[in-house]
Structure formats: structure tokens, C-alpha cells
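The file entry_3.txt contains compact mmCIF, N, CA and C atoms:
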```
# COMPACT_ATOMS: atom_id res chain seq x y z
N MET A 1 -30.92 25.91 -23.33
CA MET A 1 -31.34 25.68 -21.97
C MET A 1 -30.99 24.25 -21.60
N SER A 2 -30.29 24.09 -20.51
CA SER A 2 -29.87 22.75 -20.09
C SER A 2 -31.00 22.07 -19.32
N LYS A 3 -30.97 20.79 -19.39
CA LYS A 3 -31.96 20.02 -18.65
C LYS A 3 -31.45 19.79 -17.24
N LEU A 4 -32.13 20.37 -16.32
CA LEU A 4 -31.75 20.25 -14.92
C LEU A 4 -32.87 19.52 -14.19
N ASN A 5 -32.57 18.37 -13.70
CA ASN A 5 -33.58 17.59 -12.99
C ASN A 5 -33.32 17.73 -11.49
N LEU A 6 -34.16 18.50 -10.83
CA LEU A 6 -33.99 18.74 -9.41
C LEU A 6 -34.55 17.61 -8.56
N PHE A 7 -35.26 16.70 -9.18
CA PHE A 7 -35.93 15.66 -8.41
C PHE A 7 -35.25 14.30 -8.54
N VAL A 8 -33.96 14.33 -8.73
CA VAL A 8 -33.21 13.07 -8.78
C VAL A 8 -33.05 12.56 -7.35
N PRO A 9 -33.51 11.36 -7.09
CA PRO A 9 -33.38 10.87 -5.72
C PRO A 9 -31.92 10.64 -5.37
N GLN A 10 -31.57 11.03 -4.18
CA GLN A 10 -30.20 10.86 -3.73
C GLN A 10 -30.05 9.48 -3.12
N LYS A 11 -28.84 8.95 -3.20
CA LYS A 11 -28.58 7.66 -2.59
C LYS A 11 -28.65 7.82 -1.08
N ARG A 12 -29.43 6.95 -0.47
CA ARG A 12 -29.56 6.99 0.97
C ARG A 12 -28.49 6.11 1.59
N LYS A 13 -27.95 6.57 2.68
CA LYS A 13 -26.92 5.82 3.38
C LYS A 13 -27.58 4.91 4.41
N THR A 14 -28.19 3.89 3.92
CA THR A 14 -28.81 2.95 4.83
C THR A 14 -27.91 1.75 5.00
N THR A 15 -27.94 1.22 6.16
CA THR A 15 -27.23 -0.03 6.38
C THR A 15 -28.19 -1.12 5.94
N GLY A 16 -28.08 -2.26 6.25
CA GLY A 16 -29.04 -3.27 5.85
C GLY A 16 -29.48 -4.05 7.06
N ARG A 17 -30.36 -4.96 6.80
CA ARG A 17 -30.82 -5.81 7.89
C ARG A 17 -29.66 -6.63 8.44
N ARG A 18 -28.79 -7.07 7.58
CA ARG A 18 -27.63 -7.85 8.01
C ARG A 18 -26.74 -7.02 8.93
N ASN A 19 -26.51 -5.80 8.54
CA ASN A 19 -25.68 -4.91 9.34
C ASN A 19 -26.29 -4.69 10.72
N ASP A 20 -27.58 -4.43 10.78
CA ASP A 20 -28.25 -4.22 12.05
C ASP A 20 -28.23 -5.48 12.91
N LYS A 21 -28.40 -6.62 12.27
CA LYS A 21 -28.39 -7.88 13.00
C LYS A 21 -27.02 -8.16 13.60
N VAL A 22 -25.97 -7.94 12.84
CA VAL A 22 -24.61 -8.17 13.34
C VAL A 22 -24.29 -7.17 14.45
N ALA A 23 -24.72 -5.93 14.31
CA ALA A 23 -24.48 -4.92 15.35
C ALA A 23 -25.16 -5.33 16.66
N THR A 24 -26.37 -5.84 16.57
CA THR A 24 -27.08 -6.30 17.75
C THR A 24 -26.38 -7.50 18.38
N GLN A 25 -25.92 -8.42 17.55
CA GLN A 25 -25.21 -9.58 18.06
C GLN A 25 -23.91 -9.17 18.75
N LEU A 26 -23.19 -8.21 18.18
CA LEU A 26 -21.96 -7.73 18.80
C LEU A 26 -22.24 -7.08 20.15
N LYS A 27 -23.30 -6.29 20.21
CA LYS A 27 -23.67 -5.63 21.46
C LYS A 27 -23.97 -6.68 22.54
N GLU A 28 -24.75 -7.69 22.19
CA GLU A 28 -25.09 -8.74 23.15
C GLU A 28 -23.84 -9.52 23.57
N LEU A 29 -22.97 -9.81 22.61
CA LEU A 29 -21.75 -10.57 22.89
C LEU A 29 -20.84 -9.80 23.85
N PHE A 30 -20.63 -8.52 23.59
CA PHE A 30 -19.78 -7.70 24.46
C PHE A 30 -20.41 -7.54 25.84
N SER A 31 -21.71 -7.34 25.88
CA SER A 31 -22.39 -7.17 27.17
C SER A 31 -22.27 -8.42 28.03
N LEU A 32 -22.47 -9.59 27.41
CA LEU A 32 -22.33 -10.83 28.17
C LEU A 32 -20.90 -11.03 28.66
N ALA A 33 -19.94 -10.70 27.85
CA ALA A 33 -18.54 -10.84 28.27
C ALA A 33 -18.24 -9.92 29.44
N LEU A 34 -18.78 -8.70 29.42
CA LEU A 34 -18.56 -7.78 30.53
C LEU A 34 -19.25 -8.24 31.80
N ILE A 35 -20.41 -8.87 31.66
CA ILE A 35 -21.11 -9.39 32.83
C ILE A 35 -20.37 -10.58 33.43
N ARG A 36 -19.94 -11.49 32.57
CA ARG A 36 -19.23 -12.69 33.05
C ARG A 36 -17.87 -12.36 33.63
N GLY A 37 -17.18 -11.41 33.02
CA GLY A 37 -15.88 -11.00 33.54
C GLY A 37 -14.74 -11.94 33.22
N ASP A 38 -14.90 -12.80 32.23
CA ASP A 38 -13.81 -13.71 31.89
C ASP A 38 -12.95 -13.10 30.78
N PHE A 39 -11.97 -12.30 31.19
CA PHE A 39 -11.10 -11.59 30.27
C PHE A 39 -9.72 -12.19 30.28
N HIS A 40 -8.93 -11.84 29.29
CA HIS A 40 -7.53 -12.25 29.27
C HIS A 40 -6.80 -11.47 30.36
N VAL A 41 -6.10 -12.19 31.21
CA VAL A 41 -5.27 -11.52 32.21
C VAL A 41 -3.89 -11.34 31.58
N LEU A 42 -3.53 -10.11 31.39
CA LEU A 42 -2.28 -9.79 30.73
C LEU A 42 -1.12 -9.88 31.71
N PRO A 43 -0.01 -10.51 31.32
CA PRO A 43 1.13 -10.60 32.23
C PRO A 43 1.65 -9.21 32.62
N LYS A 44 1.97 -9.06 33.89
CA LYS A 44 2.48 -7.81 34.47
C LYS A 44 1.48 -6.67 34.38
N ARG A 45 0.24 -6.97 34.04
CA ARG A 45 -0.80 -5.94 33.97
C ARG A 45 -2.10 -6.49 34.54
N GLU A 46 -1.99 -7.22 35.64
CA GLU A 46 -3.17 -7.86 36.21
C GLU A 46 -4.22 -6.84 36.64
N ALA A 47 -3.77 -5.73 37.20
CA ALA A 47 -4.71 -4.72 37.67
C ALA A 47 -5.47 -4.08 36.50
N GLU A 48 -4.81 -3.92 35.37
CA GLU A 48 -5.44 -3.31 34.20
C GLU A 48 -6.29 -4.30 33.42
N SER A 49 -6.18 -5.59 33.75
CA SER A 49 -6.91 -6.62 33.01
C SER A 49 -8.34 -6.81 33.52
N MET A 50 -8.69 -6.14 34.59
CA MET A 50 -10.04 -6.23 35.12
C MET A 50 -10.74 -4.88 34.94
N PRO A 51 -12.06 -4.90 34.72
CA PRO A 51 -12.76 -3.62 34.51
C PRO A 51 -12.67 -2.73 35.75
N PRO A 52 -12.41 -1.45 35.57
CA PRO A 52 -12.27 -0.55 36.71
C PRO A 52 -13.61 -0.21 37.36
N CYS A 53 -14.69 -0.36 36.61
CA CYS A 53 -16.03 -0.06 37.11
C CYS A 53 -17.04 -0.81 36.25
N MET A 54 -18.30 -0.64 36.54
CA MET A 54 -19.35 -1.28 35.74
C MET A 54 -19.44 -0.58 34.38
N ILE A 55 -19.29 -1.36 33.31
CA ILE A 55 -19.31 -0.81 31.95
C ILE A 55 -20.52 -1.39 31.23
N THR A 56 -21.26 -0.53 30.56
CA THR A 56 -22.44 -0.94 29.80
C THR A 56 -22.22 -0.58 28.34
N ILE A 57 -22.48 -1.54 27.46
CA ILE A 57 -22.41 -1.28 26.02
C ILE A 57 -23.78 -0.74 25.60
N THR A 58 -23.80 0.48 25.06
CA THR A 58 -25.08 1.08 24.68
C THR A 58 -25.48 0.75 23.25
N HIS A 59 -24.54 0.82 22.33
CA HIS A 59 -24.83 0.39 20.96
C HIS A 59 -23.54 0.24 20.16
N VAL A 60 -23.68 -0.40 19.01
CA VAL A 60 -22.54 -0.65 18.14
C VAL A 60 -22.90 -0.14 16.75
N ASP A 61 -22.01 0.65 16.17
CA ASP A 61 -22.16 1.12 14.80
C ASP A 61 -21.18 0.35 13.93
N LEU A 62 -21.70 -0.24 12.85
CA LEU A 62 -20.86 -1.00 11.93
C LEU A 62 -20.79 -0.30 10.58
N SER A 63 -19.66 -0.43 9.92
CA SER A 63 -19.55 0.08 8.56
C SER A 63 -20.34 -0.85 7.63
N ARG A 64 -20.58 -0.39 6.43
CA ARG A 64 -21.36 -1.19 5.48
C ARG A 64 -20.73 -2.53 5.17
N ASP A 65 -19.39 -2.54 5.10
CA ASP A 65 -18.70 -3.78 4.75
C ASP A 65 -18.38 -4.64 5.97
N LEU A 66 -18.85 -4.23 7.13
CA LEU A 66 -18.67 -4.96 8.40
C LEU A 66 -17.20 -5.08 8.80
N CYS A 67 -16.35 -4.19 8.31
CA CYS A 67 -14.92 -4.25 8.63
C CYS A 67 -14.54 -3.35 9.80
N ASN A 68 -15.37 -2.38 10.12
CA ASN A 68 -15.07 -1.45 11.21
C ASN A 68 -16.29 -1.33 12.11
N ALA A 69 -16.04 -1.34 13.41
CA ALA A 69 -17.12 -1.20 14.38
C ALA A 69 -16.73 -0.17 15.42
N VAL A 70 -17.66 0.70 15.74
CA VAL A 70 -17.49 1.64 16.84
C VAL A 70 -18.42 1.18 17.94
N VAL A 71 -17.84 0.86 19.09
CA VAL A 71 -18.60 0.34 20.22
C VAL A 71 -18.76 1.48 21.23
N PHE A 72 -20.00 1.88 21.47
CA PHE A 72 -20.29 2.95 22.41
C PHE A 72 -20.58 2.35 23.77
N PHE A 73 -19.99 2.93 24.81
CA PHE A 73 -20.16 2.41 26.15
C PHE A 73 -20.43 3.54 27.13
N ARG A 74 -20.95 3.16 28.28
CA ARG A 74 -21.17 4.08 29.40
C ARG A 74 -20.66 3.41 30.66
N THR A 75 -20.27 4.21 31.62
CA THR A 75 -19.91 3.68 32.92
C THR A 75 -21.08 3.95 33.86
N LEU A 76 -21.15 3.15 34.90
CA LEU A 76 -22.30 3.23 35.80
C LEU A 76 -22.43 4.60 36.44
N SER A 77 -21.35 5.13 36.95
CA SER A 77 -21.43 6.41 37.64
C SER A 77 -21.08 7.60 36.74
N GLY A 78 -20.66 7.32 35.52
CA GLY A 78 -20.26 8.40 34.63
C GLY A 78 -18.85 8.89 34.89
N THR A 79 -18.16 8.20 35.79
CA THR A 79 -16.78 8.55 36.10
C THR A 79 -15.87 7.42 35.62
N MET A 80 -14.59 7.59 35.80
CA MET A 80 -13.58 6.60 35.42
C MET A 80 -13.66 6.25 33.93
N ILE A 81 -13.96 7.24 33.12
CA ILE A 81 -14.12 7.01 31.68
C ILE A 81 -12.79 6.64 31.03
N ASP A 82 -11.74 7.34 31.40
CA ASP A 82 -10.43 7.06 30.81
C ASP A 82 -9.94 5.66 31.17
N GLU A 83 -10.17 5.26 32.42
CA GLU A 83 -9.76 3.93 32.84
C GLU A 83 -10.55 2.85 32.11
N ALA A 84 -11.86 3.09 31.93
CA ALA A 84 -12.70 2.14 31.20
C ALA A 84 -12.27 2.04 29.75
N MET A 85 -11.94 3.18 29.14
CA MET A 85 -11.47 3.20 27.75
C MET A 85 -10.16 2.42 27.63
N LYS A 86 -9.26 2.63 28.56
CA LYS A 86 -7.98 1.93 28.54
C LYS A 86 -8.20 0.42 28.68
N PHE A 87 -9.10 0.02 29.59
CA PHE A 87 -9.40 -1.39 29.78
C PHE A 87 -9.96 -2.01 28.50
N LEU A 88 -10.93 -1.35 27.88
CA LEU A 88 -11.54 -1.88 26.66
C LEU A 88 -10.52 -1.98 25.53
N GLU A 89 -9.66 -1.00 25.41
CA GLU A 89 -8.64 -1.05 24.36
C GLU A 89 -7.63 -2.16 24.62
N LEU A 90 -7.30 -2.42 25.90
CA LEU A 90 -6.41 -3.52 26.22
C LEU A 90 -7.04 -4.88 25.91
N GLN A 91 -8.36 -4.96 26.03
CA GLN A 91 -9.07 -6.21 25.81
C GLN A 91 -9.59 -6.36 24.37
N THR A 92 -9.15 -5.50 23.46
CA THR A 92 -9.60 -5.57 22.06
C THR A 92 -9.33 -6.94 21.46
N HIS A 93 -8.17 -7.49 21.72
CA HIS A 93 -7.84 -8.81 21.17
C HIS A 93 -8.79 -9.87 21.72
N PHE A 94 -9.12 -9.77 23.00
CA PHE A 94 -10.08 -10.71 23.60
C PHE A 94 -11.43 -10.61 22.90
N PHE A 95 -11.91 -9.39 22.67
CA PHE A 95 -13.21 -9.21 22.01
C PHE A 95 -13.18 -9.73 20.58
N LYS A 96 -12.08 -9.49 19.86
CA LYS A 96 -11.97 -10.00 18.49
C LYS A 96 -11.96 -11.53 18.47
N ASP A 97 -11.27 -12.12 19.43
CA ASP A 97 -11.23 -13.57 19.55
C ASP A 97 -12.62 -14.12 19.84
N LEU A 98 -13.35 -13.42 20.69
CA LEU A 98 -14.72 -13.81 21.02
C LEU A 98 -15.63 -13.74 19.79
N ILE A 99 -15.47 -12.70 18.99
CA ILE A 99 -16.26 -12.55 17.76
C ILE A 99 -15.96 -13.72 16.82
N ALA A 100 -14.68 -14.05 16.68
CA ALA A 100 -14.29 -15.14 15.78
C ALA A 100 -14.88 -16.47 16.22
N LYS A 101 -14.97 -16.69 17.53
CA LYS A 101 -15.49 -17.96 18.03
C LYS A 101 -17.01 -18.05 17.96
N LYS A 102 -17.70 -16.94 18.21
CA LYS A 102 -19.17 -16.98 18.38
C LYS A 102 -19.95 -16.61 17.13
N LEU A 103 -19.39 -15.77 16.27
CA LEU A 103 -20.13 -15.32 15.08
C LEU A 103 -19.45 -15.82 13.82
N SER A 104 -20.24 -16.09 12.83
CA SER A 104 -19.66 -16.54 11.55
C SER A 104 -19.59 -15.34 10.60
N LEU A 105 -18.46 -14.63 10.67
CA LEU A 105 -18.23 -13.48 9.81
C LEU A 105 -17.01 -13.75 8.96
N ARG A 106 -17.00 -13.21 7.76
CA ARG A 106 -15.84 -13.38 6.89
C ARG A 106 -14.63 -12.63 7.43
N THR A 107 -14.87 -11.43 7.90
CA THR A 107 -13.79 -10.64 8.48
C THR A 107 -14.20 -10.22 9.88
N ILE A 108 -13.23 -10.14 10.75
CA ILE A 108 -13.46 -9.66 12.11
C ILE A 108 -13.31 -8.14 12.06
N PRO A 109 -14.33 -7.41 12.51
CA PRO A 109 -14.25 -5.95 12.41
C PRO A 109 -13.18 -5.36 13.32
N ASN A 110 -12.58 -4.27 12.85
CA ASN A 110 -11.67 -3.49 13.69
C ASN A 110 -12.54 -2.77 14.72
N LEU A 111 -12.13 -2.79 15.96
CA LEU A 111 -12.95 -2.23 17.03
C LEU A 111 -12.38 -0.91 17.51
N ARG A 112 -13.26 0.06 17.66
CA ARG A 112 -12.94 1.34 18.29
C ARG A 112 -13.97 1.55 19.39
N PHE A 113 -13.53 2.06 20.50
CA PHE A 113 -14.43 2.29 21.63
C PHE A 113 -14.58 3.78 21.85
N LYS A 114 -15.83 4.20 22.10
CA LYS A 114 -16.12 5.61 22.37
C LYS A 114 -17.10 5.69 23.52
N PHE A 115 -16.92 6.71 24.35
CA PHE A 115 -17.85 6.95 25.44
C PHE A 115 -19.13 7.54 24.86
N ASP A 116 -20.26 7.01 25.25
CA ASP A 116 -21.56 7.45 24.74
C ASP A 116 -22.03 8.67 25.53
N GLN A 117 -22.15 9.78 24.86
CA GLN A 117 -22.52 11.04 25.52
C GLN A 117 -23.94 11.47 25.21
N THR A 118 -24.78 10.57 24.76
CA THR A 118 -26.14 10.96 24.37
C THR A 118 -26.97 11.43 25.55
N SER A 119 -26.82 10.83 26.71
CA SER A 119 -27.63 11.25 27.86
C SER A 119 -27.22 12.64 28.34
N GLU A 120 -25.91 12.94 28.29
CA GLU A 120 -25.46 14.28 28.67
C GLU A 120 -26.00 15.32 27.70
N ALA A 121 -25.99 14.98 26.42
CA ALA A 121 -26.52 15.91 25.41
C ALA A 121 -28.02 16.11 25.60
N ALA A 122 -28.74 15.04 25.91
CA ALA A 122 -30.18 15.15 26.13
C ALA A 122 -30.47 15.99 27.37
N ASN A 123 -29.70 15.81 28.43
CA ASN A 123 -29.88 16.63 29.64
C ASN A 123 -29.60 18.09 29.35
N ARG A 124 -28.58 18.35 28.55
CA ARG A 124 -28.23 19.73 28.19
C ARG A 124 -29.36 20.38 27.39
N ILE A 125 -29.95 19.64 26.46
CA ILE A 125 -31.06 20.17 25.66
C ILE A 125 -32.26 20.44 26.56
N ASP A 126 -32.53 19.52 27.49
CA ASP A 126 -33.64 19.74 28.43
C ASP A 126 -33.43 21.00 29.26
N GLU A 127 -32.20 21.21 29.72
CA GLU A 127 -31.89 22.42 30.48
C GLU A 127 -32.12 23.67 29.64
N LEU A 128 -31.68 23.62 28.39
CA LEU A 128 -31.87 24.78 27.51
C LEU A 128 -33.35 25.05 27.24
N LEU A 129 -34.13 24.00 27.09
CA LEU A 129 -35.56 24.18 26.82
C LEU A 129 -36.31 24.69 28.05
N LYS A 130 -35.85 24.29 29.24
CA LYS A 130 -36.51 24.72 30.47
C LYS A 130 -36.10 26.15 30.87
N ASN A 131 -34.97 26.59 30.35
CA ASN A 131 -34.46 27.91 30.69
C ASN A 131 -35.36 28.97 30.09
N ASP A 132 -35.92 29.84 30.93
CA ASP A 132 -36.84 30.88 30.44
C ASP A 132 -36.11 32.04 29.79
N SER A 133 -34.83 32.21 30.09
CA SER A 133 -34.13 33.36 29.53
C SER A 133 -33.84 33.20 28.04
N VAL A 134 -33.87 31.97 27.54
CA VAL A 134 -33.64 31.73 26.12
C VAL A 134 -34.96 31.90 25.40
N THR A 135 -34.99 32.77 24.41
CA THR A 135 -36.23 32.98 23.64
C THR A 135 -35.97 32.86 22.17
```
Could you rewrite the structure in this file as C-alpha cells?
Amino acid sequence: MSKLNLFVPQKRKTTGRRNDKVATQLKELFSLALIRGDFHVLPKREAESMPPCMITITHVDLSRDLCNAVVFFRTLSGTMIDEAMKFLELQTHFFKDLIAKKLSLRTIPNLRFKFDQTSEAANRIDELLKNDSVT
């Protein structure tokens, strides 16, 4: 009979306090930059160098080693998502430069931007729960 231990604790995928602190700092840094509006104006792309609409950073997810960051954003009206994504991707170098100047990190994280769909998902769940035909 083999010894099978079913109660072996599994490794939890927790980030750390440092990770959470850096994620919060990145969120604040990006939010302030979007409010101030001082972005790099790219030659021959002046129109694309300015935000197409009001963009809000909702949260930032960092990898454990702080090398990769996913920045979640929302637009004010929920429209112009593709234009906002294009603007943020064009300004990635500006954001990395800002991180290097303001935060003391060994490595500057690679940035990916994603539209935050949590409110749409929450509204959809509310609709499903309110629907009487679902039992």
C-alpha cells in the first residue's frame, strides 16, 4: 500500500506586498500622466499622439518578477476602445520612460494594455440573476 498524503498544501500563487505596492504606484503614475496630458508627440502622427477620449486606468497586474505588467483601462463612454488601445500602445515608450524616471526598479516592466470588461460582466450577471425565466 502506497503512502498517499491528500493533505499536502499546494503552493499558493500569491504576489507579495512589494508587487502590490509597485502595481499601485504604476496605476497612480499612469493615471497622473493621462490627466496631465504631457505625452510624446510623434513626428507625422500628431493626431495619434493625443488621447482620443478620456481614459481611466482601473488596475495593473504585475508578474512575480516585476518584468511584465498588464494595464487595464476603461474609456469614459465605453466607446473608442480601439483608438484608445492604439494610443496607449503608441505611448508605451513614454510610459516606460516615466517609470524609469519616477520609480526605482531594477527592470522596467514590459507593458501590455487591455480593456477592462469587469463592469460589463457584472451587468451581464445582474441581468441573468434578475431574469425570472432562468431557474
Legend entry - Residue set, stretch 41-121 of chain A restricted to helix (DSSP H, G or I), as a PyMOL selection string: chain A and resi 47-49+81-90+92-102+118-121
Inset, instruction - Please provide as an MDAnalysis selection string all residues within 6 Å of stretch 56-68 of chain A, with the sequence filter that same-chain residues fewer than 4 positions apart are discarded (counting all atoms listed in the file). - result: chainID A and resid 23 27 31 72:76 108:111
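Between atom C of A:Met80 and atom N of A:Asn131 there is a distance of 29.7 Å.
Compared by their closest atoms to A:Met54, and using all atoms listed in the file, the residues A:Val70, A:Asp38, A:Glu89, A:Ala84 rank with A:Ala84 nearest.
Computed from the coordinates, the atom CA of A:Val71 to atom CA of A:Leu88 distance equals 9.8 Å.
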Legend entry - Distance of atom CA of A:Glu28 from atom C of A:Gly16, expressed in Å to one decimal place: 17.3 Å
Legend entry - Nearest candidate to A:Met50 (options A:Leu29, A:Asn19, A:Ile35, A:Phe87; using all atoms listed in the file): A:Phe87
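Of the listed residues (A:Lys21, A:Leu90, A:Ala69, A:Ile55), A:Ile55 comes nearest to A:Leu34; the distances count only C-alpha atoms.
The residue that comes closest to A:Glu120, out of A:Leu32, A:Gly78, A:Glu46, A:Arg17 and on the basis of only C-alpha atoms, is A:Gly78.
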